[in-house]
file my_file_2.cif (mmCIF, C-alpha atoms)
data_upload
loop_
_atom_site.label_atom_id
_atom_site.label_comp_id
_atom_site.auth_asym_id
_atom_site.auth_seq_id
_atom_site.Cartn_x
_atom_site.Cartn_y
_atom_site.Cartn_z
CA MET A 1 18.03 -4.47 -10.43
CA VAL A 2 14.77 -3.14 -9.07
CA PHE A 3 12.52 -5.45 -7.04
CA LEU A 4 9.19 -5.83 -8.86
CA GLY A 5 6.14 -6.49 -6.72
CA TYR A 6 2.48 -7.12 -7.44
CA HIS A 7 -0.17 -5.07 -5.65
CA ALA A 8 -3.34 -6.93 -4.67
CA SER A 9 -6.26 -4.50 -4.43
CA HIS A 10 -8.87 -5.70 -1.94
CA GLU A 11 -11.14 -2.79 -2.84
CA GLN A 12 -11.72 -4.16 -6.33
CA ILE A 13 -11.53 -7.95 -6.32
CA PRO A 14 -13.20 -10.62 -4.13
CA PRO A 15 -10.61 -12.18 -1.79
CA SER A 16 -11.00 -15.66 -3.32
CA GLN A 17 -10.20 -14.35 -6.81
CA LEU A 18 -7.46 -12.09 -5.45
CA LEU A 19 -5.79 -15.14 -3.92
CA ALA A 20 -5.79 -16.85 -7.32
CA ASP A 21 -4.44 -13.65 -8.88
CA VAL A 22 -1.49 -13.39 -6.51
CA GLN A 23 -0.66 -17.05 -7.11
CA GLU A 24 -0.63 -16.29 -10.83
CA ALA A 25 1.53 -13.23 -10.15
CA GLU A 26 4.17 -15.51 -8.63
CA ARG A 27 4.06 -17.71 -11.73
CA ALA A 28 4.35 -14.58 -13.89
CA GLY A 29 7.69 -13.75 -12.27
CA PHE A 30 7.01 -11.09 -9.64
CA ASP A 31 9.52 -10.85 -6.80
CA GLY A 32 6.95 -10.17 -4.09
CA ALA A 33 3.53 -8.72 -3.38
CA MET A 34 1.65 -6.33 -1.17
CA CYS A 35 -2.01 -5.62 -0.48
CA SER A 36 -4.26 -2.85 0.73
CA ASP A 37 -6.03 -2.98 4.11
CA HIS A 38 -9.41 -1.30 3.59
CA LEU A 39 -12.80 -1.61 5.22
CA ALA A 40 -14.50 0.14 2.29
CA PRO A 41 -13.74 0.58 -1.41
CA TRP A 42 -12.85 3.98 -2.82
CA GLY A 43 -15.89 4.00 -5.09
CA LEU A 44 -19.09 2.09 -5.78
CA ALA A 45 -17.82 0.56 -9.02
CA GLN A 46 -15.02 -1.20 -7.13
CA GLY A 47 -17.50 -2.88 -4.82
CA GLU A 48 -15.26 -5.08 -2.63
CA SER A 49 -13.16 -4.94 0.53
CA GLY A 50 -11.97 -8.23 1.99
CA TYR A 51 -10.21 -8.44 5.36
CA SER A 52 -6.53 -8.27 4.53
CA TRP A 53 -5.16 -10.10 7.59
CA SER A 54 -7.18 -13.27 6.91
CA TRP A 55 -6.21 -13.10 3.25
CA LEU A 56 -2.51 -12.56 4.01
CA GLY A 57 -2.34 -15.84 5.91
CA ALA A 58 -3.74 -17.69 2.89
CA ALA A 59 -1.54 -15.79 0.43
CA LEU A 60 1.65 -16.44 2.38
CA ALA A 61 0.75 -20.12 2.82
CA THR A 62 0.05 -20.71 -0.89
CA THR A 63 2.96 -18.80 -2.44
CA SER A 64 6.64 -18.34 -1.66
CA LEU A 65 6.55 -14.56 -2.12
CA PRO A 66 7.33 -11.96 0.54
CA PHE A 67 4.30 -9.80 1.34
CA GLY A 68 3.53 -6.43 2.81
CA THR A 69 0.43 -4.46 3.67
CA VAL A 70 -0.28 -0.81 4.42
CA THR A 71 -2.25 -0.49 7.64
CA ALA A 72 -3.25 2.21 10.11
CA PRO A 73 -3.07 1.39 13.83
CA GLY A 74 -4.76 3.67 16.35
CA GLN A 75 -8.48 3.85 15.58
CA ARG A 76 -10.05 0.95 13.67
CA TYR A 77 -7.27 -1.28 15.00
CA HIS A 78 -5.98 -0.97 18.54
CA PRO A 79 -2.15 -1.03 18.30
CA VAL A 80 -1.95 -4.10 20.57
CA ILE A 81 -4.14 -6.05 18.14
CA THR A 82 -2.09 -4.86 15.17
CA ALA A 83 1.11 -5.93 16.91
CA GLN A 84 -0.36 -9.39 17.56
CA ALA A 85 -1.42 -9.74 13.92
CA ILE A 86 2.03 -8.71 12.70
CA ALA A 87 3.77 -11.06 15.13
CA THR A 88 1.64 -14.05 14.12
CA LEU A 89 2.34 -13.67 10.39
CA ALA A 90 6.03 -13.02 11.03
CA GLU A 91 6.31 -16.11 13.25
CA MET A 92 4.54 -18.33 10.72
CA PHE A 93 6.42 -17.02 7.69
CA PRO A 94 9.89 -15.88 8.84
CA GLY A 95 11.40 -13.05 6.85
CA ARG A 96 8.47 -12.82 4.44
CA PHE A 97 6.16 -10.20 5.94
CA TRP A 98 6.43 -6.45 6.45
CA PRO A 99 3.76 -3.93 7.43
CA ALA A 100 3.83 -0.29 6.40
CA LEU A 101 2.16 1.97 8.94
CA GLY A 102 0.24 5.12 8.10
CA SER A 103 -2.08 7.55 9.84
CA GLY A 104 -5.12 6.27 7.94
CA GLU A 105 -8.08 7.60 5.99
CA ALA A 106 -11.50 8.46 7.33
CA LEU A 107 -12.97 6.14 4.68
CA ASN A 108 -11.83 3.18 6.76
CA GLU A 109 -11.43 4.55 10.27
CA HIS A 110 -14.66 6.53 10.89
CA VAL A 111 -16.66 3.38 11.66
CA THR A 112 -15.55 3.29 15.31
CA GLY A 113 -17.60 6.44 15.91
CA ASP A 114 -14.58 8.19 17.43
CA PRO A 115 -13.84 11.69 16.12
CA TRP A 116 -11.60 11.77 13.04
CA PRO A 117 -8.58 13.81 14.15
CA PRO A 118 -6.61 16.36 12.12
CA LYS A 119 -3.32 15.28 10.56
CA ASP A 120 -1.00 16.44 13.33
CA GLU A 121 -3.01 14.44 15.87
CA ARG A 122 -3.12 11.41 13.56
CA GLN A 123 0.64 11.52 13.22
CA GLU A 124 1.15 11.76 16.96
CA ARG A 125 -1.22 8.82 17.42
CA LEU A 126 0.80 6.86 14.87
CA ARG A 127 4.07 7.74 16.61
CA GLN A 128 2.68 6.46 19.91
CA SER A 129 1.33 3.34 18.17
CA VAL A 130 4.73 2.54 16.67
CA SER A 131 6.42 2.91 20.05
CA VAL A 132 3.94 0.57 21.75
CA MET A 133 4.05 -1.96 18.91
CA ARG A 134 7.84 -2.13 18.85
CA ARG A 135 7.92 -2.83 22.58
CA LEU A 136 5.30 -5.55 22.23
CA LEU A 137 7.14 -7.15 19.31
CA GLU A 138 10.27 -7.23 21.48
CA GLY A 139 8.34 -9.18 24.12
CA GLU A 140 7.84 -6.41 26.70
CA ARG A 141 4.83 -5.98 28.95
CA VAL A 142 3.40 -2.59 28.05
CA ASP A 143 1.29 0.07 29.71
CA HIS A 144 0.45 3.26 27.88
CA ASP A 145 -1.77 6.24 28.61
CA GLY A 146 -1.80 8.70 25.74
CA MET A 147 -3.95 9.06 22.62
CA PHE A 148 -5.04 5.48 23.33
CA ARG A 149 -4.65 3.28 26.40
CA VAL A 150 -2.83 -0.01 26.93
CA HIS A 151 -3.03 -1.97 30.16
CA ASP A 152 -0.32 -4.54 30.96
CA ALA A 153 -0.32 -6.04 27.47
CA ARG A 154 2.09 -8.53 25.95
CA VAL A 155 2.25 -10.46 22.69
CA TRP A 156 3.06 -14.08 23.43
CA SER A 157 3.63 -15.65 19.99
CA ARG A 158 6.40 -13.77 18.26
CA PRO A 159 9.13 -14.35 15.65
CA PRO A 160 12.76 -14.57 16.84
CA GLN A 161 13.38 -11.15 15.28
CA PRO A 162 10.71 -8.44 15.02
CA PRO A 163 9.77 -7.67 11.41
CA PRO A 164 10.60 -4.26 9.94
CA LEU A 165 7.96 -1.56 10.39
CA ARG A 166 7.91 0.60 7.29
CA ALA A 167 6.17 3.95 6.94
CA ALA A 168 3.55 4.88 4.37
CA ALA A 169 3.91 8.49 3.15
CA ALA A 170 2.17 10.41 0.37
CA SER A 171 4.20 13.63 0.77
CA ALA A 172 7.76 14.77 1.39
CA PRO A 173 6.99 16.30 4.83
CA THR A 174 5.40 13.04 6.02
CA ALA A 175 8.34 11.04 4.65
CA SER A 176 10.81 13.28 6.46
CA TRP A 177 8.81 12.97 9.70
CA ALA A 178 8.70 9.17 9.42
CA ALA A 179 12.47 8.86 9.01
CA SER A 180 12.94 8.99 12.78
CA TRP A 181 11.06 5.73 13.40
CA ALA A 182 10.62 3.72 10.20
CA ASP A 183 12.55 0.74 8.83
CA GLY A 184 11.70 1.65 5.24
CA LEU A 185 9.22 3.70 3.23
CA ILE A 186 6.45 3.18 0.73
CA THR A 187 4.80 5.90 -1.33
CA VAL A 188 2.58 6.00 -4.39
CA GLY A 189 2.79 7.67 -7.81
CA HIS A 190 4.45 7.55 -11.21
CA ASP A 191 5.80 11.10 -11.56
CA PRO A 192 9.60 10.68 -11.20
CA ASP A 193 10.13 14.20 -9.87
CA ARG A 194 7.54 13.79 -7.12
CA VAL A 195 8.77 10.33 -6.22
CA ARG A 196 12.35 11.62 -6.05
CA GLU A 197 11.22 14.43 -3.73
CA ILE A 198 9.50 12.03 -1.32
CA LEU A 199 12.27 9.43 -1.28
CA SER A 200 14.96 12.09 -0.90
CA ALA A 201 13.08 13.69 2.00
CA TYR A 202 13.06 10.34 3.78
CA ARG A 203 16.69 9.54 3.16
CA ASP A 204 17.95 13.09 3.79
CA ALA A 205 16.27 12.99 7.21
CA GLY A 206 18.20 9.84 8.07
CA GLY A 207 15.65 7.28 6.95
CA THR A 208 16.94 3.75 6.43
CA GLY A 209 15.67 0.56 4.82
CA PRO A 210 14.13 -0.04 1.39
CA CYS A 211 12.14 2.65 -0.39
CA ALA A 212 9.17 1.36 -2.37
CA VAL A 213 6.71 2.92 -4.80
CA GLN A 214 3.25 1.66 -5.70
CA VAL A 215 2.20 2.51 -9.27
CA HIS A 216 -1.38 2.42 -10.53
CA ILE A 217 -1.45 1.28 -14.18
CA SER A 218 -4.16 1.07 -16.81
CA LEU A 219 -2.73 -0.86 -19.75
CA ALA A 220 -5.10 -1.67 -22.59
CA ALA A 221 -5.24 -2.19 -26.34
CA THR A 222 -6.48 1.33 -27.09
CA GLU A 223 -6.09 4.71 -25.45
CA SER A 224 -9.83 5.12 -24.99
CA GLU A 225 -10.13 1.68 -23.39
CA ALA A 226 -7.27 2.42 -20.99
CA LEU A 227 -8.78 5.77 -20.00
CA GLN A 228 -12.24 4.26 -19.57
CA LEU A 229 -10.84 1.57 -17.31
CA ALA A 230 -9.12 4.19 -15.17
CA ALA A 231 -12.29 6.30 -15.07
CA ASP A 232 -14.42 3.35 -14.00
CA GLN A 233 -12.14 1.85 -11.35
CA TRP A 234 -9.81 4.62 -10.17
CA ARG A 235 -11.88 7.78 -10.55
CA HIS A 236 -11.21 8.79 -6.94
CA ALA A 237 -7.70 9.76 -8.10
CA THR A 238 -9.31 12.89 -9.55
CA ALA A 239 -10.78 13.98 -6.19
CA PRO A 240 -9.29 17.15 -4.68
CA ALA A 241 -6.15 16.15 -2.79
CA GLU A 242 -7.12 18.08 0.31
CA LEU A 243 -10.26 15.92 0.70
CA MET A 244 -8.70 12.49 0.26
CA TRP A 245 -8.08 11.75 3.95
CA ASP A 246 -11.39 13.06 5.31
CA ILE A 247 -14.10 11.57 3.07
CA MET A 248 -16.05 8.83 4.83
CA GLN A 249 -18.06 7.02 2.15
CA PRO A 250 -17.44 5.64 -1.38
CA GLU A 251 -20.52 7.53 -2.59
CA GLU A 252 -18.87 10.79 -1.55
CA PHE A 253 -15.69 9.93 -3.43
CA ASP A 254 -17.82 9.29 -6.50
CA ARG A 255 -19.52 12.65 -6.04
CA VAL A 256 -16.34 14.73 -5.79
CA SER A 257 -14.46 12.85 -8.54
CA ASP A 258 -14.49 13.73 -12.23
CA PRO A 259 -14.04 10.64 -14.41
CA ASN A 260 -14.31 12.84 -17.51
CA ASP A 261 -11.07 14.67 -16.73
CA PRO A 262 -8.38 12.73 -18.64
CA ASP A 263 -5.53 14.90 -17.35
CA ALA A 264 -6.49 14.26 -13.73
CA LEU A 265 -6.86 10.54 -14.44
CA ARG A 266 -3.39 10.47 -15.96
CA ARG A 267 -1.93 12.17 -12.90
CA GLY A 268 -3.26 9.35 -10.75
CA VAL A 269 -2.87 6.42 -13.12
CA LEU A 270 -0.18 5.49 -15.64
CA VAL A 271 -2.46 5.17 -18.69
CA SER A 272 -0.87 3.43 -21.68
CA THR A 273 -1.28 1.07 -24.61
CA ASP A 274 2.44 0.35 -24.91
CA GLU A 275 4.35 -2.13 -22.74
CA ASP A 276 7.67 -0.52 -23.67
CA GLU A 277 6.41 2.84 -22.44
CA VAL A 278 5.27 1.30 -19.17
CA ALA A 279 8.66 -0.38 -18.75
CA GLN A 280 10.47 2.90 -19.35
CA ARG A 281 8.25 4.78 -16.90
CA ILE A 282 8.83 2.17 -14.20
CA ALA A 283 12.58 2.21 -14.86
CA MET A 284 12.55 5.98 -14.33
CA LEU A 285 11.23 5.42 -10.80
CA ALA A 286 14.09 3.05 -10.08
CA ALA A 287 16.48 5.66 -11.46
CA VAL A 288 15.28 8.29 -8.95
CA GLY A 289 15.78 6.00 -5.98
CA ALA A 290 13.03 3.39 -5.73
CA ASP A 291 14.42 0.06 -4.51
CA GLU A 292 11.07 -1.67 -5.03
CA VAL A 293 8.16 -0.95 -7.37
CA PHE A 294 4.76 -2.56 -6.86
CA LEU A 295 2.59 -2.68 -9.98
CA HIS A 296 -1.16 -2.31 -9.61
CA HIS A 297 -3.27 -2.83 -12.70
CA VAL A 298 -6.51 -0.98 -11.95
CA GLY A 299 -8.77 -3.41 -13.80
CA GLN A 300 -10.87 -5.93 -11.89
CA ASP A 301 -9.89 -8.67 -14.34
CA GLN A 302 -6.16 -9.21 -13.80
CA ALA A 303 -5.67 -12.06 -16.28
CA GLU A 304 -4.54 -10.06 -19.33
CA PHE A 305 -2.20 -7.86 -17.31
CA LEU A 306 -0.58 -10.88 -15.64
CA THR A 307 -0.17 -12.52 -19.04
CA ARG A 308 1.62 -9.40 -20.28
CA CYS A 309 3.85 -9.49 -17.22
CA ARG A 310 4.73 -13.14 -17.78
CA GLU A 311 5.33 -12.72 -21.50
CA GLY A 312 7.68 -9.77 -21.42
CA LEU A 313 6.66 -6.74 -19.37
CA LEU A 314 8.60 -7.72 -16.24
CA GLU A 315 11.61 -8.76 -18.29
CA GLY A 316 11.47 -5.43 -20.14
CA ILE A 317 11.48 -3.45 -16.91
CA ARG A 318 14.39 -5.46 -15.50
CA ARG A 319 16.40 -5.09 -18.69
CA ILE A 320 16.44 -1.29 -18.53
CA SER A 321 16.27 -0.59 -14.80
#
call {"tool": "encode", "arguments": {"input": "my_file_2.cif", "output": "structure tokens"}}
result
Amino acid sequence: MVFLGYHASHEQIPPSQLLADVQEAERAGFDGAMCSDHLAPWGLAQGESGYSWSWLGAALATTSLPFGTVTAPGQRYHPVITAQAIATLAEMFPGRFWPALGSGEALNEHVTGDPWPPKDERQERLRQSVSVMRRLLEGERVDHDGMFRVHDARVWSRPPQPPPLRAAAASAPTASWAASWADGLITVGHDPDRVREILSAYRDAGGTGPCAVQVHISLAATESEALQLAADQWRHATAPAELMWDIMQPEEFDRVSDPNDPDALRRGVLVSTDEDEVAQRIAMLAAVGADEVFLHHVGQDQAEFLTRCREGLLEGIRRIS
């Protein structure tokens, strides 16, 4: 049976409300949760971006769920600081926290004023970050002189066993590359063929650990309402794919997006009025290899979606997956 997680979107919801939402998600029957780690929202209509590491401490302390977050060490966060943050949560909440590491987006990382590197350099920086972080989580004293510098660092408060370091990948080549270092994978999307391609690339390259998929959902009473919700809150999904990693401001995402393109919105968001359809689409992702699926309702008001989950949506997914 597929693991069903709840995605908490810091870009859209104030952290105080998001904490209440994830507590309700546990009551609704989710198996776990994850959150984003953004400095800025994707678009102006979203309008939020709480600090995920502070929020994770509160979320782990007030629920019994396991949690993950997707984060990008190397520019906004020095890898030593990321390792310390990971170690602290893992020591406080044994076996309940996992980070997924990615190469980042300019939207969040440009604020340091350092040049935003091309993808091959970002991946090499991530590879070096993972190596340093693993050594720190094992208790080593670390020096490093590469794409960033580390001088005689150690992390003092650590869990007995280092937590798994998953990889975040949006494409098959990145998933294949990450297989050499990751303890699991997370990707995003609801197209079964594309998800199968990414998960297979990871596993075929020797990747181990759980494979997870985050799915953006707009579920509403009418088709027009569901599309309007996606257009308002997740319009950046229509931006040209080649620009996604390099745009630096929410205003620019709004400018290059087209909220009036329903086909593009549907490619980025599972738009539906039918819980049974949503359950079937999620089950298809499990059928192509997803061990875990994290559901993200793109609305800012999560109450109705969580009620649907509690009253039958989660049970419907589990019944057919």
call {"tool": "atom_distance", "arguments": {"input": "my_file_2.cif", "atom1": "CA of Gly139 (chain A)", "atom2": "CA of Ser157 (chain A)"}}
result
9.0 Å
call {"tool": "resolve_selection", "arguments": {"input": "my_file_2.cif", "expression": "the PyMOL selection byres ((chain A and resi 199) around 8)", "output": "ChimeraX atom specification"}}
result
/A:172,175,185,195-198,200-203,211,289-290
call {"tool": "residues_around", "arguments": {"input": "my_file_2.cif", "residues": "Ala169 (chain A)", "least_positions_apart": "2", "cutoff": "10 Å", "atoms": "all atoms listed in the file", "output": "MDAnalysis selection string"}}
result
chainID A and resid 100:103 166:167 171:178 185:188 198:199 202
call {"tool": "closest_atom_pairs", "arguments": {"input": "my_file_2.cif", "of": "region 6-48 of chain A", "to": "region 52-68 of chain A", "cutoff": "8 Å", "atoms": "only C-alpha atoms", "output": "tab-separated table"}}
result
residue	atom	partner	partner_atom	distance
A:His10	CA	A:Ser52	CA	7.3
A:Pro15	CA	A:Trp55	CA	6.8
A:Leu19	CA	A:Ala59	CA	6.1
A:Val22	CA	A:Ala59	CA	7.3
A:Gln23	CA	A:Thr63	CA	6.2
A:Glu26	CA	A:Leu65	CA	7.0
A:Asp31	CA	A:Leu65	CA	6.7
A:Gly32	CA	A:Leu65	CA	4.8
A:Ala33	CA	A:Phe67	CA	4.9
A:Met34	CA	A:Gly68	CA	4.4
A:Cys35	CA	A:Gly68	CA	6.5
A:Ser36	CA	A:Ser52	CA	7.0
A:Asp37	CA	A:Ser52	CA	5.3
A:His38	CA	A:Ser52	CA	7.6
call {"tool": "atom_distance", "arguments": {"input": "my_file_2.cif", "atom1": "CA of Glu292 (chain A)", "atom2": "CA of Ala168 (chain A)"}}
result
13.7 Å
call {"tool": "resolve_selection", "arguments": {"input": "my_file_2.cif", "expression": "the PyMOL selection byres ((chain A and resi 274) around 12)", "output": "count of residues only"}}
result
23
